[in-house]
Amino acid sequence: MEALKNIKILYIEDEDFIRESAVEYLEFYCDHVYEAIDGLDGYEKYRQVKPDIIICDIMMPRLNGLELIEKIRKTDKTTQIIVATARIDTDFLLKAVELRLVKYLTKPITEDKLLPVLAEAITLIKNENTNIVNFDNNCQFDTLNKTLLQENKIIKLTKKERLFLEICAKNTNRVLTYNELENYVWEGYMTQDAMRSVVKELRRKLPQNTLENISGIGYKLNIL
């Protein structure tokens, strides 16, 4: 990944073997990789090097991963943060949106898991963007982790609903054509009834007037 070459990455992990292996792997792609042994060390390194991307364990001594991220997010909303965790639950998913995490990865972290997430982080950096789309003050969609929240509760989505919302949320500046939606959500074949059914259910789960039909063209999302 040539795009990683000049990106600054800080890897924070208290287990020496995992951290050293990860840093060695990242250095294959990136010229600026830094490491820290726990949350406090990570915060000091963060202040020193101002990384573009932080990859951080959750369970660490002295200052755990979420405490560290909360500390960073008090003054910094833009640094891309990827979390490594052994366990994902509802409370964690809510926290992930609140703290604007790029992605949470379940351990063990492998190349096929990490590289696509780094690519997404770089895209967000280039676009000066976030993966959190706000429909109103009480409803958000996390485009990377594909999580819809309504008043701090996770709203269950079907696979088709999730794909439909995902492609619209990644293209909020324009109308998604029927053909684009058909190819992305239904992989090339769709009936009008199938699309109407998905749209009806999504509208029930989203704030009023969020999903707008542009007659004869397609759909677009209205966001804050």
# chains A, B, ... in the order shown; residues from 1 in each chain; ligands from 1

$ select_by_dssp --residues "chain A" --states "helix (DSSP H, G or I)" --output "ChimeraX atom specification"
/A:2-4,16-27,39-49,65-73,90-98,111-127,159-169,178-185,192-205

$ residues_around --residues "Lys113 in chain A" --least-positions-apart "5" --cutoff "12 Å" --atoms "only C-alpha atoms" --output "ChimeraX atom specification"
/A:82,84,103-108,118-120

$ write_last_selection --atoms "N, CA and C atoms" --output "compact mmCIF listing (two decimals), in the first residue's frame"
# COMPACT_ATOMS: atom_id res chain seq x y z
N ILE A 82 -8.00 3.04 15.50
CA ILE A 82 -8.45 1.66 15.30
C ILE A 82 -8.21 0.90 16.60
N ALA A 84 -8.16 -2.64 18.91
CA ALA A 84 -8.07 -4.11 18.94
C ALA A 84 -8.69 -4.61 20.24
N LYS A 103 -12.53 1.85 13.42
CA LYS A 103 -12.91 0.44 13.36
C LYS A 103 -12.49 -0.25 14.63
N TYR A 104 -13.21 -1.28 15.01
CA TYR A 104 -12.76 -2.16 16.08
C TYR A 104 -12.51 -3.52 15.47
N LEU A 105 -11.35 -4.08 15.75
CA LEU A 105 -10.95 -5.36 15.20
C LEU A 105 -10.86 -6.39 16.31
N THR A 106 -11.40 -7.56 16.07
CA THR A 106 -11.28 -8.63 17.07
C THR A 106 -9.92 -9.31 16.92
N LYS A 107 -9.33 -9.59 18.06
CA LYS A 107 -8.04 -10.29 18.07
C LYS A 107 -8.24 -11.75 17.68
N PRO A 108 -7.23 -12.39 17.08
CA PRO A 108 -5.94 -11.80 16.68
C PRO A 108 -6.10 -10.96 15.41
N LEU A 118 -6.91 0.05 7.35
CA LEU A 118 -5.94 1.12 7.15
C LEU A 118 -6.27 1.90 5.88
N ALA A 119 -6.71 1.19 4.85
CA ALA A 119 -7.09 1.86 3.60
C ALA A 119 -8.27 2.81 3.84
N GLU A 120 -9.25 2.36 4.63
CA GLU A 120 -10.40 3.21 4.96
C GLU A 120 -9.95 4.43 5.76

$ residues_around --residues "Gly216 in chain A" --least-positions-apart "4" --cutoff "12 Å" --atoms "only C-alpha atoms" --output "VMD selection string"
chain A and resid 175 to 179

$ atom_distance --atom1 "CA of Glu24 in chain A" --atom2 "CA of Thr123 in chain A"
23.4 Å

$ atom_distance --atom1 "CA of Glu161 in chain A" --atom2 "CA of Ile217 in chain A"
19.2 Å

$ residues_around --residues "Lys220 in chain A" --least-positions-apart "6" --cutoff "12 Å" --atoms "only C-alpha atoms" --output "list in words"
Phe164, Leu165, Glu166, Ile167, Cys168, Ala169, Lys170, Asn171, Thr172, Asn173, Arg174, Val175, Leu176, Thr177, Tyr178, Glu180, Leu181, Val199, Asn209, Thr210, Leu211, Glu212, Asn213 and Ile214 of chain A

$ residues_around --residues "range 29-35 of chain A" --least-positions-apart "6" --cutoff "10 Å" --atoms "only C-alpha atoms" --output "list in words"
Met1, Glu2, Ala3, Leu4, Lys5, Asn6, Ile7, Lys8, Ile9, Leu10, Tyr11, Ile12, Glu13, Asp14, Arg19, Glu20, Ala22, Val23, Asp41, Gly42, Lys45, Tyr46, Val49, Pro51, Ile53, Ile54, Ile55 and Cys56 of chain A

$ closest_atom_pairs --of "range 116-156 of chain A" --to "range 202-206 of chain A" --cutoff "10 Å" --atoms "only C-alpha atoms" --output "tab-separated table"
residue	atom	partner	partner_atom	distance
A:Phe135	CA	A:Leu206	CA	7.9
A:Asp136	CA	A:Leu206	CA	9.5
A:Cys139	CA	A:Leu206	CA	7.5
A:Gln140	CA	A:Leu206	CA	9.3
A:Phe141	CA	A:Leu206	CA	9.9
A:Leu148	CA	A:Leu206	CA	9.0
A:Leu149	CA	A:Leu206	CA	9.5
A:Gln150	CA	A:Leu206	CA	8.1
A:Ile155	CA	A:Lys205	CA	7.4
A:Lys156	CA	A:Lys205	CA	9.0

$ write_last_selection --atoms "N, CA and C atoms" --output "mmCIF file, in the first residue's frame"
data_model
loop_
_atom_site.group_PDB
_atom_site.id
_atom_site.type_symbol
_atom_site.label_atom_id
_atom_site.label_comp_id
_atom_site.auth_asym_id
_atom_site.auth_seq_id
_atom_site.Cartn_x
_atom_site.Cartn_y
_atom_site.Cartn_z
ATOM 1 N N PHE A 135 -27.959 11.632 11.147
ATOM 2 C CA PHE A 135 -29.232 11.940 10.508
ATOM 3 C C PHE A 135 -29.986 13.012 11.287
ATOM 4 N N ASP A 136 -29.893 12.937 12.611
ATOM 5 C CA ASP A 136 -30.345 14.026 13.480
ATOM 6 C C ASP A 136 -29.560 13.888 14.774
ATOM 7 N N CYS A 139 -29.772 10.120 16.055
ATOM 8 C CA CYS A 139 -29.648 8.965 15.164
ATOM 9 C C CYS A 139 -28.386 9.083 14.316
ATOM 10 N N GLN A 140 -27.532 8.052 14.379
ATOM 11 C CA GLN A 140 -26.270 8.039 13.636
ATOM 12 C C GLN A 140 -26.059 6.681 12.986
ATOM 13 N N PHE A 141 -25.288 6.712 11.899
ATOM 14 C CA PHE A 141 -24.884 5.461 11.249
ATOM 15 C C PHE A 141 -23.373 5.464 11.104
ATOM 16 N N LEU A 148 -26.283 1.107 13.128
ATOM 17 C CA LEU A 148 -27.264 2.185 13.211
ATOM 18 C C LEU A 148 -27.664 2.369 14.671
ATOM 19 N N LEU A 149 -27.558 3.605 15.152
ATOM 20 C CA LEU A 149 -27.919 3.926 16.533
ATOM 21 C C LEU A 149 -29.069 4.914 16.542
ATOM 22 N N GLN A 150 -30.047 4.650 17.402
ATOM 23 C CA GLN A 150 -31.182 5.555 17.590
ATOM 24 C C GLN A 150 -31.357 5.750 19.086
ATOM 25 N N ILE A 155 -29.995 -0.351 16.431
ATOM 26 C CA ILE A 155 -31.167 -0.757 15.656
ATOM 27 C C ILE A 155 -30.765 -1.896 14.725
ATOM 28 N N LYS A 156 -31.458 -3.000 14.830
ATOM 29 C CA LYS A 156 -31.131 -4.170 14.017
ATOM 30 C C LYS A 156 -31.491 -3.925 12.561
#
